>>> print(open('final-v3.cif').read())   # mmCIF, C-alpha atoms
data_final
loop_
_atom_site.label_atom_id
_atom_site.label_comp_id
_atom_site.auth_asym_id
_atom_site.auth_seq_id
_atom_site.Cartn_x
_atom_site.Cartn_y
_atom_site.Cartn_z
CA MET R 243 -4.13 16.80 10.35
CA ASN R 244 -1.48 15.35 12.66
CA LEU R 245 0.86 12.48 11.81
CA ALA R 246 -0.86 9.82 13.92
CA THR R 247 -4.27 10.63 12.44
CA TYR R 248 -2.97 10.46 8.88
CA ILE R 249 -1.19 7.13 9.53
CA ALA R 250 -4.35 5.60 11.05
CA MET R 251 -6.58 6.83 8.23
CA ASP R 252 -4.27 5.82 5.40
CA PHE R 253 -3.46 2.45 6.94
CA TRP R 254 -7.19 1.71 7.22
CA ARG R 255 -7.72 2.88 3.63
CA ASN R 256 -5.03 0.52 2.35
CA PHE R 257 -6.23 -2.32 4.54
CA ARG R 258 -9.77 -1.96 3.15
CA ASN R 259 -8.41 -2.20 -0.40
CA ALA R 260 -9.50 -5.75 -1.19
CA GLY R 261 -6.90 -6.23 -3.93
CA ASN R 262 -4.00 -5.16 -1.74
CA THR R 263 -5.14 -7.18 1.26
CA PHE R 264 -5.71 -10.31 -0.84
CA PHE R 265 -2.24 -10.37 -2.38
CA ILE R 266 -0.48 -9.20 0.78
CA VAL R 267 -2.21 -11.34 3.41
CA VAL R 268 -4.79 -13.79 2.06
CA LEU R 269 -2.88 -15.30 -0.88
CA PRO R 270 0.30 -16.11 1.11
CA ALA R 271 -1.87 -17.66 3.83
CA ILE R 272 -3.73 -19.82 1.31
CA LEU R 273 -0.48 -20.90 -0.33
CA PHE R 274 0.96 -21.84 3.05
CA LEU R 275 -2.10 -23.87 4.01
CA PHE R 276 -1.89 -25.73 0.69
CA PHE R 277 1.87 -26.28 0.40
CA GLY R 278 2.97 -26.00 4.03
CA VAL R 279 0.20 -27.90 5.80
CA ASN R 280 -1.63 -30.09 3.29
CA MET R 281 1.39 -31.86 1.75
CA ASP R 282 2.75 -35.16 3.07
CA ASN R 283 6.35 -34.03 3.60
CA THR R 284 5.72 -30.93 5.70
CA ASP R 285 6.65 -32.63 8.97
CA LEU R 286 10.10 -33.71 7.72
CA ALA R 287 12.99 -32.20 9.66
CA VAL R 288 15.11 -29.47 8.03
CA GLY R 289 17.59 -27.25 9.83
CA HIS R 290 16.30 -26.40 13.30
CA GLY R 291 12.67 -27.10 12.38
CA ASN R 292 10.64 -28.77 9.67
CA VAL R 293 9.57 -28.30 6.05
CA SER R 294 6.38 -26.53 7.10
CA ALA R 295 8.42 -23.82 8.83
CA TRP R 296 10.69 -23.51 5.78
CA ILE R 297 7.67 -22.96 3.53
CA MET R 298 6.00 -20.53 5.94
CA ILE R 299 9.04 -18.25 6.04
CA GLY R 300 9.14 -18.06 2.24
CA MET R 301 5.43 -17.23 2.02
CA ALA R 302 5.69 -14.59 4.75
CA THR R 303 8.64 -12.97 2.98
CA TYR R 304 6.66 -12.88 -0.25
CA GLY R 305 3.72 -11.21 1.51
CA ALA R 306 5.89 -8.64 3.29
CA ILE R 307 7.75 -7.72 0.09
CA THR R 308 4.48 -7.40 -1.82
CA ALA R 309 3.29 -4.97 0.87
CA THR R 310 6.35 -2.71 0.82
CA THR R 311 6.45 -2.74 -3.00
CA ALA R 312 2.79 -1.78 -3.40
CA LEU R 313 2.69 0.86 -0.66
CA ALA R 314 5.93 2.61 -1.62
CA GLY R 315 4.99 2.61 -5.31
CA SER R 316 1.58 4.05 -4.55
CA ALA R 317 3.17 6.77 -2.40
CA ALA R 318 5.41 7.83 -5.29
CA VAL R 319 2.42 7.99 -7.64
CA GLU R 320 0.40 10.01 -5.14
CA ILE R 321 3.17 12.60 -4.78
CA GLN R 322 3.49 13.02 -8.55
CA GLN R 323 -0.27 13.30 -9.00
CA GLY R 324 -0.39 16.30 -6.68
CA TRP R 325 -1.36 14.71 -3.37
CA GLY R 326 1.84 16.07 -1.84
CA ARG R 327 0.77 19.63 -2.70
CA GLN R 328 -2.62 19.01 -1.12
CA LEU R 329 -0.99 17.83 2.09
CA ALA R 330 1.26 20.90 2.05
CA LEU R 331 -1.88 22.92 2.80
CA THR R 332 -2.29 21.00 6.06
CA ALA R 333 -0.09 20.85 9.14
CA LEU R 334 1.57 17.66 7.85
CA PRO R 335 5.00 18.49 6.33
CA HIS R 336 6.50 16.67 3.34
CA GLY R 337 8.90 14.82 5.62
CA GLY R 338 5.96 13.73 7.74
CA PHE R 339 4.24 12.36 4.65
CA VAL R 340 7.31 10.26 3.78
CA LEU R 341 7.61 9.03 7.38
CA ALA R 342 3.90 8.19 7.49
CA LYS R 343 4.05 6.20 4.24
CA THR R 344 7.12 4.33 5.50
CA LEU R 345 5.38 3.36 8.74
CA ILE R 346 2.22 2.38 6.86
CA ALA R 347 4.21 0.18 4.47
CA LEU R 348 5.96 -1.53 7.38
CA GLY R 349 2.63 -1.88 9.17
CA MET R 350 1.12 -3.60 6.15
CA ALA R 351 4.22 -5.80 5.89
CA VAL R 352 3.70 -6.90 9.50
CA LEU R 353 0.27 -8.30 8.64
CA PRO R 354 1.33 -11.27 6.46
CA VAL R 355 4.24 -12.03 8.76
CA ALA R 356 1.95 -12.11 11.80
CA VAL R 357 -0.82 -14.08 10.07
CA LEU R 358 1.54 -16.65 8.57
CA ASN R 359 3.43 -17.15 11.83
CA VAL R 360 0.21 -17.65 13.79
CA LEU R 361 -1.10 -20.10 11.19
CA ALA R 362 2.19 -21.98 11.28
CA LEU R 363 2.19 -22.04 15.07
CA VAL R 364 -1.27 -23.61 15.31
CA THR R 365 -0.79 -26.09 12.44
CA THR R 366 2.32 -28.09 11.51
CA ALA R 367 5.39 -25.81 11.68
CA GLN R 368 8.07 -26.48 14.27
CA MET R 369 10.94 -24.17 15.28
CA PRO R 370 12.59 -23.17 18.57
CA PRO R 371 11.05 -19.95 19.98
CA LEU R 372 14.15 -17.81 19.41
CA THR R 373 14.46 -19.10 15.84
CA TRP R 374 10.82 -18.19 15.30
CA LEU R 375 11.31 -14.62 16.55
CA ALA R 376 14.56 -14.09 14.65
CA SER R 377 13.05 -15.32 11.38
CA ALA R 378 10.02 -13.03 11.75
CA ALA R 379 12.25 -10.01 12.42
CA LEU R 380 14.54 -10.79 9.47
CA THR R 381 11.50 -11.28 7.23
CA LEU R 382 10.47 -7.68 7.90
CA LEU R 383 14.04 -6.41 7.53
CA GLY R 384 14.44 -8.14 4.17
CA SER R 385 11.28 -6.49 2.83
CA VAL R 386 12.65 -2.94 3.30
CA PRO R 387 14.78 -2.83 0.09
CA PHE R 388 11.66 -3.55 -1.94
CA ALA R 389 10.17 -0.27 -0.78
CA LEU R 390 12.91 1.27 -2.94
CA TYR R 391 11.91 -1.03 -5.81
CA GLY R 392 8.28 0.07 -5.52
CA LEU R 393 9.33 3.70 -5.27
CA ALA R 394 11.44 3.40 -8.42
CA VAL R 395 8.55 1.90 -10.36
CA GLY R 396 6.24 4.66 -9.14
CA LEU R 397 8.72 7.33 -10.19
CA LEU R 398 9.29 5.72 -13.59
CA PHE R 399 5.73 5.03 -14.72
CA ARG R 400 3.65 7.35 -12.47
CA SER R 401 0.70 4.96 -12.69
CA ASP R 402 -1.18 2.83 -10.18
CA ALA R 403 -1.46 0.16 -12.87
CA ALA R 404 2.33 0.06 -13.17
CA VAL R 405 2.66 -0.33 -9.41
CA GLY R 406 0.20 -3.23 -9.60
CA ALA R 407 2.31 -4.78 -12.35
CA ALA R 408 5.43 -4.32 -10.22
CA SER R 409 3.73 -6.25 -7.43
CA GLY R 410 2.92 -8.94 -9.98
CA VAL R 411 6.59 -9.16 -10.96
CA VAL R 412 7.30 -9.93 -7.29
CA VAL R 413 5.59 -13.31 -7.84
CA VAL R 414 8.12 -14.19 -10.55
CA LEU R 415 10.98 -12.93 -8.38
CA ALA R 416 9.66 -15.07 -5.52
CA PHE R 417 9.95 -18.21 -7.64
CA PHE R 418 13.54 -17.39 -8.55
CA GLY R 419 14.17 -16.29 -4.97
CA ASN R 420 13.45 -19.82 -3.70
CA ALA R 421 10.43 -18.56 -1.74
CA PHE R 422 7.86 -21.11 -2.92
CA ASN R 423 9.54 -24.34 -3.98
CA PRO R 424 13.09 -25.58 -3.34
CA MET R 425 15.35 -25.07 -6.33
CA ALA R 426 18.49 -26.88 -7.47
CA GLY R 427 20.90 -26.90 -10.39
CA VAL R 428 20.85 -24.11 -12.96
CA LEU R 429 17.73 -22.47 -11.56
CA LEU R 430 19.40 -22.18 -8.16
CA ASP R 431 22.56 -20.75 -9.73
CA ILE R 432 20.47 -18.11 -11.54
CA GLY R 433 18.26 -17.46 -8.54
CA ARG R 434 21.19 -16.51 -6.31
CA PHE R 435 21.61 -13.31 -8.36
CA THR R 436 17.95 -12.26 -8.27
CA PRO R 437 16.57 -9.60 -5.87
CA MET R 438 14.40 -11.81 -3.66
CA TYR R 439 16.93 -14.57 -3.09
CA GLY R 440 18.82 -12.61 -0.44
CA PRO R 441 15.79 -11.55 1.64
CA VAL R 442 14.32 -15.07 1.58
CA ALA R 443 17.63 -16.71 2.52
CA LEU R 444 18.18 -14.10 5.24
CA ALA R 445 14.75 -14.77 6.75
CA ARG R 446 15.47 -18.51 6.71
CA TYR R 447 18.99 -18.19 8.12
CA PRO R 448 18.00 -18.74 11.78
CA LEU R 449 16.26 -21.94 10.67
CA MET R 450 18.74 -23.25 8.10
CA GLU R 451 22.04 -21.48 8.93
CA GLY R 452 22.67 -21.17 5.21
CA GLU R 453 21.92 -24.77 4.25
CA ILE R 454 20.03 -25.08 0.96
CA VAL R 455 17.55 -27.93 0.58
CA GLY R 456 16.18 -29.34 -2.65
CA THR R 457 13.36 -31.80 -3.21
CA SER R 458 15.71 -34.70 -2.48
CA GLY R 459 17.79 -33.22 0.33
CA PRO R 460 20.62 -30.70 0.88
CA VAL R 461 22.06 -29.19 -2.31
CA GLY R 462 24.57 -26.67 -0.96
CA THR R 463 25.22 -23.85 1.47
CA ASP R 464 24.92 -20.07 1.33
CA PRO R 465 27.43 -18.18 3.50
CA LEU R 466 25.90 -15.34 5.49
CA TRP R 467 28.17 -12.82 3.75
CA GLY R 468 26.82 -13.95 0.37
CA ILE R 469 23.23 -13.52 1.51
CA LEU R 470 23.95 -10.05 2.92
CA LEU R 471 25.82 -9.11 -0.26
CA ASN R 472 22.73 -9.91 -2.32
CA VAL R 473 20.50 -7.78 -0.06
CA VAL R 474 22.93 -4.84 0.03
CA ALA R 475 23.74 -4.95 -3.70
CA TRP R 476 20.09 -4.89 -4.77
CA SER R 477 19.32 -2.21 -2.19
CA ILE R 478 22.00 -0.05 -3.81
CA VAL R 479 20.64 -0.77 -7.30
CA PHE R 480 17.10 0.19 -6.27
CA ALA R 481 18.32 3.29 -4.39
CA LEU R 482 20.36 4.48 -7.39
CA ALA R 483 17.34 3.94 -9.65
CA CYS R 484 15.22 6.10 -7.31
CA LEU R 485 17.88 8.80 -7.25
CA LEU R 486 18.28 8.92 -11.03
CA LEU R 487 14.53 8.89 -11.65
CA GLN R 488 13.97 11.65 -9.10
CA ARG R 489 16.66 13.78 -10.75
CA ARG R 490 15.08 13.22 -14.15
CA ARG R 491 11.70 14.26 -12.81
CA THR R 492 13.16 17.39 -11.20
CA ALA R 493 15.10 18.31 -14.37
CA ARG R 494 11.90 18.31 -16.45
CA ARG R 495 10.26 20.95 -14.29
#
>>> encode(input="final-v3.cif", output="structure tokens")
Amino acid sequence: MNLATYIAMDFWRNFRNAGNTFFIVVLPAILFLFFGVNMDNTDLAVGHGNVSAWIMIGMATYGAITATTALAGSAAVEIQQGWGRQLALTALPHGGFVLAKTLIALGMAVLPVAVLNVLALVTTAQMPPLTWLASAALTLLGSVPFALYGLAVGLLFRSDAAVGAASGVVVVLAFFGNAFNPMAGVLLDIGRFTPMYGPVALARYPLMEGEIVGTSGPVGTDPLWGILLNVVAWSIVFALACLLLQRRRTARR
């Protein structure tokens, strides 16, 4: 089995998984259509676009992060359940397996970003073209650290059910990450330190340039360095968790 064949087969397998596809693609799209198109205030101007664009970016980030979390976690479980040894009997090396799973996770993450951006384009969202492209690219970039989160969960619990639960936790993190509804006050102060706040704010930076909006207007500003610090810090936390869990697993052999 060569690398391209395995990627195509496994991508199709994951895409056909109704549960994965629903939470990665369909649910964010439904949420956008309800909150980003159907509400009365979606055409109000914010940043370089409108409220509909602000909502779309948050929903797309949620979908992309759900994808990388679920796919990376499942890959870790598969390796520990012996799938890696099975692949070792084929022409696909262990490094090829890791590369394939990475590309598949990113491919799945592209789906909600593409679907949400197309929906936004043909409905009510407004942004300059370069802002649109930059936000889509940063949405994908911000989802990468959550592959480490999913991997850590897979290494810790070694269960598909645990990986599903980890994807469920992403919903809670999305609320605190300001992905769904604008926050203010204490919730915003708490949210700034949560893992999804940085990726969501980074994806929205081309639109908002760090400006934070609440339900009644601007409520503050996030400097770019603060957003990047959140992303980098949580990436390090997740990477260290993966490293420690992998060492623990190796030590028990």
>>> closest_atom_pairs(input="final-v3.cif", of="segment 400-429 of chain R", to="segment 450-468 of chain R", cutoff="7 Å", atoms="only C-alpha atoms", output="CSV")
residue,atom,partner,partner_atom,distance
R:Pro424,CA,R:Gly456,CA,4.9
R:Met425,CA,R:Gly456,CA,5.7
R:Ala426,CA,R:Gly456,CA,5.9
>>> write_last_selection(input="final-v3.cif", atoms="C-alpha atoms", output="PDB file, in the coordinates of the input")
ATOM      1  CA  PRO R 424      13.090 -25.580  -3.340  1.00  0.00           C
ATOM      2  CA  MET R 425      15.350 -25.070  -6.330  1.00  0.00           C
ATOM      3  CA  ALA R 426      18.490 -26.880  -7.470  1.00  0.00           C
TER       4      ALA R 426
END
>>> resolve_selection(input="final-v3.cif", expression="the PyMOL selection byres ((chain R and resi 291) around 12)", output="VMD selection string")
chain R and resid 284 to 290 292 to 299 362 to 363 366 to 374 377 446 to 451
>>> closest_residue(input="final-v3.cif", among="R:Ile346, R:Ala408, R:Val268, R:Leu486", to="Trp254 of chain R", atoms="only C-alpha atoms")
R:Ile346
>>> closest_residue(input="final-v3.cif", among="R:Gly261, R:Gly440, R:Gly305, R:Gly278", to="Thr365 of chain R", atoms="only C-alpha atoms")
R:Gly278
>>> atom_distance(input="final-v3.cif", atom1="atom CA of Phe274 of chain R", atom2="atom CA of Trp476 of chain R")
26.7 Å
>>> resolve_selection(input="final-v3.cif", expression="the PyMOL selection byres ((chain R and resi 389-391) around 7)", output="NGL selection string")
:R and (310-311 or 314 or 386-388 or 392-395 or 480-481 or 484)
>>> resolve_selection(input="final-v3.cif", expression="the PyMOL selection byres ((chain R and resi 416) around 9)", output="list in words")
Gly300, Met301, Thr303, Tyr304, Val411, Val412, Val413, Val414, Leu415, Phe417, Phe418, Gly419, Asn420, Ala421, Phe422, Pro437, Met438, Tyr439 and Val442 of chain R
>>> residues_around(input="final-v3.cif", residues="Asn262 of chain R", least_positions_apart="6", cutoff="10 Å", atoms="all atoms listed in the file", output="list in words")
Asn256, Val268, Thr308, Ala309, Ala312, Leu313, Met350, Gly406 and Ser409 of chain R
>>> closest_residue(input="final-v3.cif", among="R:Leu382, R:Arg489, R:Leu482, R:Val428", to="Leu444 of chain R", atoms="only C-alpha atoms")
R:Leu382
>>> atom_distance(input="final-v3.cif", atom1="atom CA of Ala483 of chain R", atom2="atom CA of Ala302 of chain R")
26.2 Å
>>> atom_distance(input="final-v3.cif", atom1="atom CA of Asn280 of chain R", atom2="atom CA of Val360 of chain R")
16.4 Å
>>> axis_aligned_box(input="final-v3.cif", around="segment 440-449 of chain R", padding_each_side="8 Å", output="AutoDock Vina command-line options")
--center_x 16.7 --center_y -16.7 --center_z 5.7 --size_x 20.7 --size_y 26.4 --size_z 28.2
